[in-house]
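File shown: protein.cif. Contents: mmCIF, C-alpha atoms.
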```cif
data_run
#
loop_
_atom_site.label_atom_id
_atom_site.label_comp_id
_atom_site.auth_asym_id
_atom_site.auth_seq_id
_atom_site.Cartn_x
_atom_site.Cartn_y
_atom_site.Cartn_z
CA MET A 1 90.72 119.49 138.69
CA LYS A 2 91.07 120.86 135.16
CA THR A 3 91.83 118.22 132.55
CA ASN A 4 92.89 119.10 129.03
CA HIS A 5 91.34 116.42 126.78
CA LYS A 6 92.75 116.23 123.27
CA GLU A 7 92.30 113.75 120.42
CA MET A 8 95.29 113.41 118.13
CA THR A 9 96.94 111.21 115.49
CA ILE A 10 100.45 109.78 115.67
CA PRO A 11 102.23 108.43 112.58
CA SER A 12 103.74 104.96 112.84
CA GLY A 13 104.97 102.48 110.26
CA GLY A 14 103.05 103.90 107.29
CA ILE A 15 99.73 104.45 109.09
CA THR A 16 98.36 106.91 111.63
CA LEU A 17 97.30 105.86 115.10
CA PHE A 18 94.34 107.50 116.83
CA ALA A 19 95.30 108.68 120.31
CA ILE A 20 93.83 110.67 123.19
CA LYS A 21 95.66 112.56 125.89
CA ASP A 22 94.03 113.73 129.12
CA VAL A 23 96.61 115.93 130.79
CA ILE A 24 96.46 117.82 134.06
CA ASP A 25 98.55 120.65 135.50
CA LYS A 26 101.65 119.55 137.38
CA PRO A 27 101.08 115.77 137.17
CA LYS A 28 103.03 113.32 139.33
CA GLY A 29 103.64 111.21 136.24
CA ILE A 30 102.30 109.94 132.91
CA VAL A 31 100.40 106.69 132.35
CA ILE A 32 100.13 105.17 128.85
CA ILE A 33 97.22 102.73 128.42
CA VAL A 34 97.47 99.87 125.90
CA HIS A 35 94.14 98.12 125.16
CA GLY A 36 93.35 94.50 124.30
CA LEU A 37 92.15 92.45 121.34
CA CYS A 38 89.16 93.75 119.31
CA GLU A 39 88.53 96.70 121.67
CA HIS A 40 89.63 100.35 121.67
CA CYS A 41 90.99 103.02 123.97
CA GLY A 42 87.59 104.72 124.40
CA ARG A 43 86.59 101.92 126.77
CA TYR A 44 89.03 103.25 129.38
CA SER A 45 87.54 106.70 130.01
CA HIS A 46 86.48 105.80 133.58
CA VAL A 47 90.02 104.59 134.34
CA VAL A 48 91.47 107.79 132.87
CA SER A 49 89.20 109.95 135.08
CA LYS A 50 90.38 108.11 138.22
CA LEU A 51 94.02 108.42 137.19
CA ASN A 52 93.57 112.14 136.50
CA GLU A 53 91.96 112.57 139.93
CA ALA A 54 94.93 110.76 141.48
CA GLY A 55 97.34 113.21 139.84
CA TYR A 56 98.41 111.48 136.63
CA SER A 57 98.19 112.59 133.00
CA VAL A 58 97.12 109.79 130.66
CA TYR A 59 97.85 108.92 127.04
CA ARG A 60 95.94 106.11 125.31
CA PHE A 61 95.68 104.96 121.71
CA ASP A 62 93.97 102.48 119.41
CA ASN A 63 96.25 99.68 118.23
CA ARG A 64 96.65 99.46 114.46
CA GLY A 65 93.64 97.84 112.80
CA HIS A 66 91.52 98.67 115.87
CA GLY A 67 89.16 101.49 116.83
CA LYS A 68 89.84 104.73 114.98
CA SER A 69 93.42 103.88 114.01
CA GLU A 70 94.33 103.06 110.43
CA GLY A 71 95.30 99.60 109.23
CA GLU A 72 93.40 96.58 107.98
CA ARG A 73 91.02 95.46 110.74
CA THR A 74 92.86 93.18 113.20
CA TYR A 75 95.48 92.28 110.61
CA ILE A 76 99.21 92.57 111.28
CA ASP A 77 102.24 91.30 109.37
CA SER A 78 104.20 90.81 112.59
CA PHE A 79 103.62 91.24 116.34
CA GLN A 80 106.58 93.64 116.24
CA GLN A 81 104.33 96.18 114.49
CA PHE A 82 102.26 96.55 117.67
CA ILE A 83 105.43 97.12 119.71
CA ASP A 84 106.75 99.68 117.21
CA ASP A 85 103.39 101.48 117.27
CA MET A 86 103.54 101.62 121.07
CA ASP A 87 107.00 103.15 120.73
CA ALA A 88 105.60 105.97 118.59
CA VAL A 89 103.14 106.80 121.38
CA VAL A 90 105.74 106.44 124.14
CA GLN A 91 108.14 108.78 122.32
CA THR A 92 105.33 111.32 121.82
CA ALA A 93 104.48 111.26 125.54
CA LYS A 94 108.17 111.45 126.45
CA ASN A 95 108.85 114.40 124.14
CA GLU A 96 105.80 116.29 125.39
CA ASN A 97 106.68 115.68 129.07
CA PRO A 98 110.46 115.89 129.38
CA GLY A 99 111.85 114.41 132.59
CA MET A 100 108.44 113.19 133.75
CA PRO A 101 108.15 109.61 135.12
CA ILE A 102 106.29 107.39 132.65
CA PHE A 103 104.31 104.24 133.44
CA THR A 104 102.27 101.89 131.25
CA LEU A 105 99.02 100.05 131.90
CA GLY A 106 98.48 97.15 129.49
CA HIS A 107 95.36 94.96 129.43
CA SER A 108 95.22 91.45 127.90
CA MET A 109 96.82 91.68 124.43
CA GLY A 110 97.91 95.17 125.51
CA GLY A 111 99.69 93.48 128.40
CA PHE A 112 101.56 91.31 125.90
CA ILE A 113 102.50 94.41 123.88
CA SER A 114 103.63 96.28 127.02
CA ALA A 115 105.67 93.35 128.34
CA ALA A 116 107.37 92.77 124.99
CA TYR A 117 108.08 96.50 124.78
CA GLY A 118 109.50 96.42 128.30
CA ILE A 119 111.89 93.60 127.34
CA GLN A 120 113.03 95.42 124.19
CA HIS A 121 113.29 98.87 125.84
CA PRO A 122 114.65 98.32 129.35
CA HIS A 123 115.34 101.87 130.55
CA LEU A 124 112.38 104.08 129.63
CA PHE A 125 109.77 103.66 132.37
CA LYS A 126 109.43 104.03 136.12
CA GLY A 127 107.28 100.93 136.06
CA GLN A 128 104.60 98.90 134.29
CA ILE A 129 101.15 97.67 135.30
CA PHE A 130 99.50 94.59 133.80
CA SER A 131 95.82 93.62 133.78
CA GLY A 132 94.96 90.07 132.66
CA ALA A 133 98.05 90.13 130.46
CA ALA A 134 98.48 87.48 127.75
CA VAL A 135 102.13 86.87 128.60
CA MET A 136 102.44 83.19 127.68
CA ILE A 137 101.11 80.77 125.08
CA LEU A 138 97.61 80.14 126.38
CA PRO A 139 96.90 76.46 127.18
CA ASP A 140 94.05 76.23 124.64
CA LEU A 141 96.39 77.40 121.86
CA ARG A 142 99.53 75.39 122.66
CA GLY A 143 98.41 72.61 120.33
CA LEU A 144 98.34 75.09 117.42
CA LEU A 145 102.03 76.05 117.62
CA THR A 146 102.88 74.14 114.43
CA MET A 147 99.90 75.57 112.54
CA ASP A 148 100.65 77.41 109.29
CA TYR A 149 98.51 80.43 110.22
CA LYS A 150 100.04 82.62 107.50
CA SER A 151 98.52 80.50 104.70
CA GLN A 152 95.06 81.45 106.02
CA GLY A 153 96.14 84.78 107.48
CA LYS A 154 93.17 86.78 106.17
CA ASN A 155 90.58 84.27 107.41
CA ARG A 156 88.64 85.44 110.44
CA ILE A 157 87.81 84.05 113.87
CA PRO A 158 84.58 85.27 115.55
CA ASN A 159 84.96 87.43 118.67
CA SER A 160 83.16 85.29 121.26
CA LEU A 161 84.59 87.07 124.33
CA ALA A 162 81.60 89.21 125.38
CA GLU A 163 80.08 86.98 128.07
CA LYS A 164 83.49 86.31 129.60
CA ILE A 165 84.77 89.88 130.02
CA SER A 166 82.80 91.00 133.08
CA GLN A 167 80.11 89.99 135.56
CA ASP A 168 78.46 93.38 135.01
CA PRO A 169 75.64 92.82 132.45
CA ASP A 170 75.80 96.48 131.36
CA VAL A 171 79.49 96.11 130.47
CA VAL A 172 78.68 93.01 128.40
CA LYS A 173 75.77 94.74 126.64
CA ASN A 174 77.81 97.86 125.91
CA TYR A 175 80.64 95.72 124.54
CA GLN A 176 78.23 93.86 122.24
CA ASN A 177 76.64 97.10 121.01
CA ASP A 178 79.82 99.17 120.67
CA PRO A 179 80.42 99.82 116.94
CA LEU A 180 84.16 100.16 117.59
CA VAL A 181 84.45 96.73 119.25
CA LEU A 182 85.35 94.37 116.42
CA LYS A 183 83.25 91.26 115.81
CA ASP A 184 86.13 89.07 114.60
CA PHE A 185 89.91 88.97 114.19
CA THR A 186 92.31 87.45 111.68
CA PHE A 187 94.23 84.19 111.88
CA MET A 188 97.32 86.34 111.24
CA LEU A 189 96.82 88.36 114.43
CA MET A 190 96.01 85.23 116.42
CA GLY A 191 99.14 83.51 115.18
CA GLU A 192 101.50 86.47 115.47
CA VAL A 193 100.42 87.60 118.96
CA PHE A 194 99.09 84.54 120.75
CA LEU A 195 101.36 81.86 119.21
CA LYS A 196 104.59 83.45 117.96
CA GLY A 197 104.36 86.38 120.39
CA GLY A 198 103.51 84.19 123.36
CA GLN A 199 106.47 81.96 122.54
CA TRP A 200 108.75 85.01 122.22
CA ILE A 201 107.68 86.23 125.68
CA GLU A 202 108.33 82.80 127.19
CA GLU A 203 111.81 82.74 125.64
CA ASN A 204 112.72 86.31 126.68
CA ARG A 205 110.84 87.07 129.91
CA ALA A 206 113.88 86.33 132.10
CA GLN A 207 115.34 89.59 130.74
CA TYR A 208 112.35 91.65 131.94
CA ASN A 209 113.50 93.91 134.79
CA TYR A 210 111.01 96.77 135.40
CA PRO A 211 109.22 97.47 138.67
CA CYS A 212 105.80 96.01 137.93
CA LEU A 213 102.31 95.46 139.31
CA ILE A 214 100.77 92.29 137.85
CA LEU A 215 96.98 92.04 138.32
CA HIS A 216 94.62 89.26 137.23
CA GLY A 217 91.07 88.08 137.79
CA GLY A 218 90.99 84.74 139.59
CA ASN A 219 88.05 83.59 137.42
CA ASP A 220 89.47 84.88 134.13
CA GLN A 221 88.18 82.52 131.41
CA ILE A 222 89.96 84.32 128.56
CA VAL A 223 93.58 84.56 129.78
CA THR A 224 94.44 82.04 132.48
CA PRO A 225 95.74 83.56 135.75
CA GLU A 226 98.68 81.15 135.30
CA ALA A 227 100.00 83.58 132.67
CA SER A 228 100.51 86.27 135.31
CA LYS A 229 101.81 83.83 137.92
CA THR A 230 104.37 82.35 135.53
CA PHE A 231 105.47 85.79 134.34
CA TYR A 232 105.88 86.97 137.94
CA GLU A 233 108.02 83.93 138.80
CA SER A 234 110.17 84.12 135.66
CA ILE A 235 111.13 87.80 135.34
CA ALA A 236 114.33 89.37 136.67
CA SER A 237 112.54 92.24 138.50
CA HIS A 238 113.14 92.50 142.24
CA ASP A 239 110.39 95.11 142.67
CA LYS A 240 107.37 93.11 141.54
CA THR A 241 103.88 92.61 142.94
CA LEU A 242 101.35 89.95 141.92
CA LYS A 243 97.71 90.28 142.90
CA ILE A 244 95.02 87.79 141.86
CA TYR A 245 91.47 88.99 142.61
CA PRO A 246 89.34 85.95 143.62
CA GLY A 247 86.24 85.54 141.45
CA LEU A 248 86.92 88.42 139.06
CA PHE A 249 86.53 87.94 135.30
CA HIS A 250 88.96 89.06 132.56
CA GLU A 251 88.30 92.81 132.56
CA ILE A 252 89.13 93.59 136.17
CA LEU A 253 88.86 97.29 135.28
CA ASN A 254 85.23 96.72 134.26
CA GLU A 255 84.05 94.49 137.11
CA PRO A 256 81.56 95.72 139.75
CA THR A 257 84.56 96.09 142.11
CA LYS A 258 86.60 98.07 139.56
CA ASP A 259 87.11 101.04 141.90
CA MET A 260 89.02 98.79 144.30
CA VAL A 261 91.29 97.63 141.45
CA ILE A 262 91.89 101.19 140.24
CA ALA A 263 92.66 102.24 143.85
CA ASP A 264 95.28 99.46 144.01
CA ILE A 265 96.80 100.84 140.79
CA THR A 266 96.93 104.47 141.98
CA HIS A 267 98.40 103.36 145.33
CA TRP A 268 101.17 101.46 143.53
CA LEU A 269 101.81 104.44 141.24
CA ASP A 270 102.12 106.78 144.24
CA LEU A 271 104.72 104.43 145.76
CA HIS A 272 106.78 104.41 142.56
CA VAL A 273 106.52 107.94 141.26
#
```

Before we go any further, please render this structure as C-alpha cells.
Amino acid sequence: MKTNHKEMTIPSGGITLFAIKDVIDKPKGIVIIVHGLCEHCGRYSHVVSKLNEAGYSVYRFDNRGHGKSEGERTYIDSFQQFIDDMDAVVQTAKNENPGMPIFTLGHSMGGFISAAYGIQHPHLFKGQIFSGAAVMILPDLRGLLTMDYKSQGKNRIPNSLAEKISQDPDVVKNYQNDPLVLKDFTFMLMGEVFLKGGQWIEENRAQYNYPCLILHGGNDQIVTPEASKTFYESIASHDKTLKIYPGLFHEILNEPTKDMVIADITHWLDLHV
C-alpha cells in the first residue's frame, strides 16, 4: 500500500505545532493521535503503519512545548491551550478530508486532552479511543489539590517514568536515550493538567457522549486503571467499551503484546467507520 508521508506545521495560539500526516488512497477514515507527557508523536510510527495497513490515514502532532513543536518546554498557561492546539489539528484534518469519518487515539495525557476535547466539541468525531488515559485526579496527586502550583510554575519535576512505561527493555532504553523525550516537566503543566484538568474532567465527564474504546494496562503504575473504569461508568455514551489488559504496563501500545492491542483498535474502528 502506498502511503504519502508528509511533515508539516500548523499554527495555533501564537506558536506552530509540528505535525505528520501519513495518508493512503481511499481511506476508510482518519485517525488523529495525541501523545502523552514528555514524549512526542514520533514514538507512534509503528502504530501509524498498522493503521495505514488497516485502511486508515493518520495525523499526529507534538503537543506545544514537546517534541518539535514550539513553546516553552512542558510549560502551559492553561490546560485549555492543549485542547485548542488539538482543535487546530482536527480542523486541518477535517478540511483536508471533507466528509471523511474522523477518530482520535489519545494516550495518557493525550487521553486527557482528547476526552476534554470530546466534552467541549460533541459532534465532530465518529468515535474516540483511549490508551491509559489520565481522566481523573490521580490518587497520588489528590492531596495536592490546594497547592499553589502557579507560584512555582517554572520549577521542574524530574521525568521518572521510564521504568514504568513498558516491560520491553528496548522500549525503556529507547525512551531514555531519545533526545526528544523530555527529562522533566514544569509544576505549571502538572497543576494545570493533572490537578485542575483532572478536576474539570471529573466535573464534566457526565456530558461525554461519543462512541469510545477505553483501553488500559492492568499493571499500569503511572495512571491507575481506576481512571478508565471510573470514566467508563460516568460518561453518557451508550456505545462504550472498556478493556483492561491484565499485567500490561502504561504504554500498552509499546508492550511485547502491542500487536494484539493495535488489532483490537483496528477491529473497533472497522465496526464504527

The PyMOL selection byres ((chain A and resi 3-10) around 6) - which residues does that actually catch in the file I just gave you? List them as a PyMOL selection string. chain A and resi 2+11+16-24

Closest to Arg142 in chain A among A:His238, A:His250, A:Gly191, A:Gln176, using all atoms listed in the file?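 Answer, going by the shortest atom-to-atom distance: A:Gly191.
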
Can you work out which one of A:Gln152, A:Lys183, A:Glu202, A:Leu215 has the shortest atom-to-atom distance to Ile262 in chain A, counting all atoms listed in the file?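 Of A:Gln152, A:Lys183, A:Glu202, A:Leu215, the one nearest Ile262 in chain A, counting all atoms listed in the file, is A:Leu215.
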
Which residues fall under the PyMOL selection byres ((chain A and resi 156) around 9) in this file, as a ChimeraX atom specification? /A:152-155,157-158,184-188

Rows by chain and residue number, range 109-206 of chain A within 6 Å of range 88-105 of chain A, shortest pair, all atoms listed in the file, as CSV:
```
residue,atom,partner,partner_atom,distance
A:Phe125,CA,A:Ile102,CA,5.1
A:Lys126,CA,A:Ile102,CA,5.8
A:Gly127,CA,A:Phe103,CA,5.2
A:Gln128,CA,A:Thr104,CA,4.9
A:Ile129,CA,A:Leu105,CA,4.7
A:Phe130,CA,A:Leu105,CA,5.8
```

Could you tell me which residues the PyMOL selection byres ((chain A and resi 83) around 10) returns for this structure, as a ChimeraX atom specification? /A:63,78-82,84-88,110,112-118,120

Export C-alpha atoms of the chosen residues as a short mmCIF file (atom, residue, chain, number, x, y, z; two decimals), in the coordinates of the input?
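Okay, this is what ended up in out.cif:
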```cif
data_model
loop_
_atom_site.label_atom_id
_atom_site.label_comp_id
_atom_site.auth_asym_id
_atom_site.auth_seq_id
_atom_site.Cartn_x
_atom_site.Cartn_y
_atom_site.Cartn_z
CA ASN A 63 96.25 99.68 118.23
CA SER A 78 104.20 90.81 112.59
CA PHE A 79 103.62 91.24 116.34
CA GLN A 80 106.58 93.64 116.24
CA GLN A 81 104.33 96.18 114.49
CA PHE A 82 102.26 96.55 117.67
CA ASP A 84 106.75 99.68 117.21
CA ASP A 85 103.39 101.48 117.27
CA MET A 86 103.54 101.62 121.07
CA ASP A 87 107.00 103.15 120.73
CA ALA A 88 105.60 105.97 118.59
CA GLY A 110 97.91 95.17 125.51
CA PHE A 112 101.56 91.31 125.90
CA ILE A 113 102.50 94.41 123.88
CA SER A 114 103.63 96.28 127.02
CA ALA A 115 105.67 93.35 128.34
CA ALA A 116 107.37 92.77 124.99
CA TYR A 117 108.08 96.50 124.78
CA GLY A 118 109.50 96.42 128.30
CA GLN A 120 113.03 95.42 124.19
#
```

Pick from A:Val193, A:Phe249, A:Gly132, A:Leu124: nearest to Tyr149 in chain A, with only C-alpha atoms counted?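 Using only C-alpha atoms, the shortest distance to Tyr149 in chain A belongs to A:Val193.
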
Around the point (96.2, 92.4, 130.9) in the file's coordinates, collect all residues with an atom within 6 Å, using all atoms listed in the file, and return them as a ChimeraX atom specification. /A:106-108,111,130-133

Restricting the calculation to all atoms listed in the file, which member of A:Lys150, A:Gly197, A:Asp239, A:Leu189 is positioned closest to Tyr75 in chain A? A:Leu189

Computed interatomic separation between CA of Leu195 in chain A and CA of Ile222 in chain A (Å):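 We find that CA of Leu195 in chain A and CA of Ile222 in chain A lie 14.9 Å from each other.
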
Could you give me, as a PyMOL selection string, the residues that have an atom at most 12 Å away from the point (96.8, 102.6, 143.9) in the coordinates of the file, using only C-alpha atoms? chain A and resi 47+50-51+53-56+129+213+215+258-273

Nearest to Arg205 in chain A, chosen from A:Ile235, A:Met109, A:Val171, A:Ala162, with only C-alpha atoms counted in the distances: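 Under the stated criterion, the closest residue is A:Ile235.
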
Give the answer as one residue: which of A:Cys212, A:Val34, A:Leu144, A:Leu180 has the shortest atom-to-atom distance to Gln199 in chain A, using all atoms listed in the file?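 Closest to Gln199 in chain A, using all atoms listed in the file: A:Leu144.
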
Give me, please, the distance in Å between CA of Leu138 in chain A and CA of Val223 in chain A, quoted to one decimal.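 Rounded to one decimal, the two atoms are 6.9 Å apart.
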
Just the number, please: distance in Å from CA of Asn52 in chain A to CA of Pro169 in chain A, one decimal. 26.7 Å

Residue neighbourhood His216 in chain A, 7 Å, only C-alpha atoms, exclusion window fewer than 6 positions, as a ChimeraX atom specification: /A:131-132,225,228,243-245

Tell me which protein, DNA and RNA residues are within 7 Å of Ser166 in chain A, counting all atoms listed in the file, leaving out same-chain ones fewer than 2 positions away, and put them as a ChimeraX atom specification. /A:163-164,168,171-172,249-251,254-255

Listed atoms of range 197-211 of chain A boxed along x, y and z, 4 Å each side, centre and edge lengths in Å, one decimal, as AutoDock Vina command-line options:
```
--center_x 109.4 --center_y 89.7 --center_z 129.5 --size_x 19.8 --size_y 23.5 --size_z 26.3
```
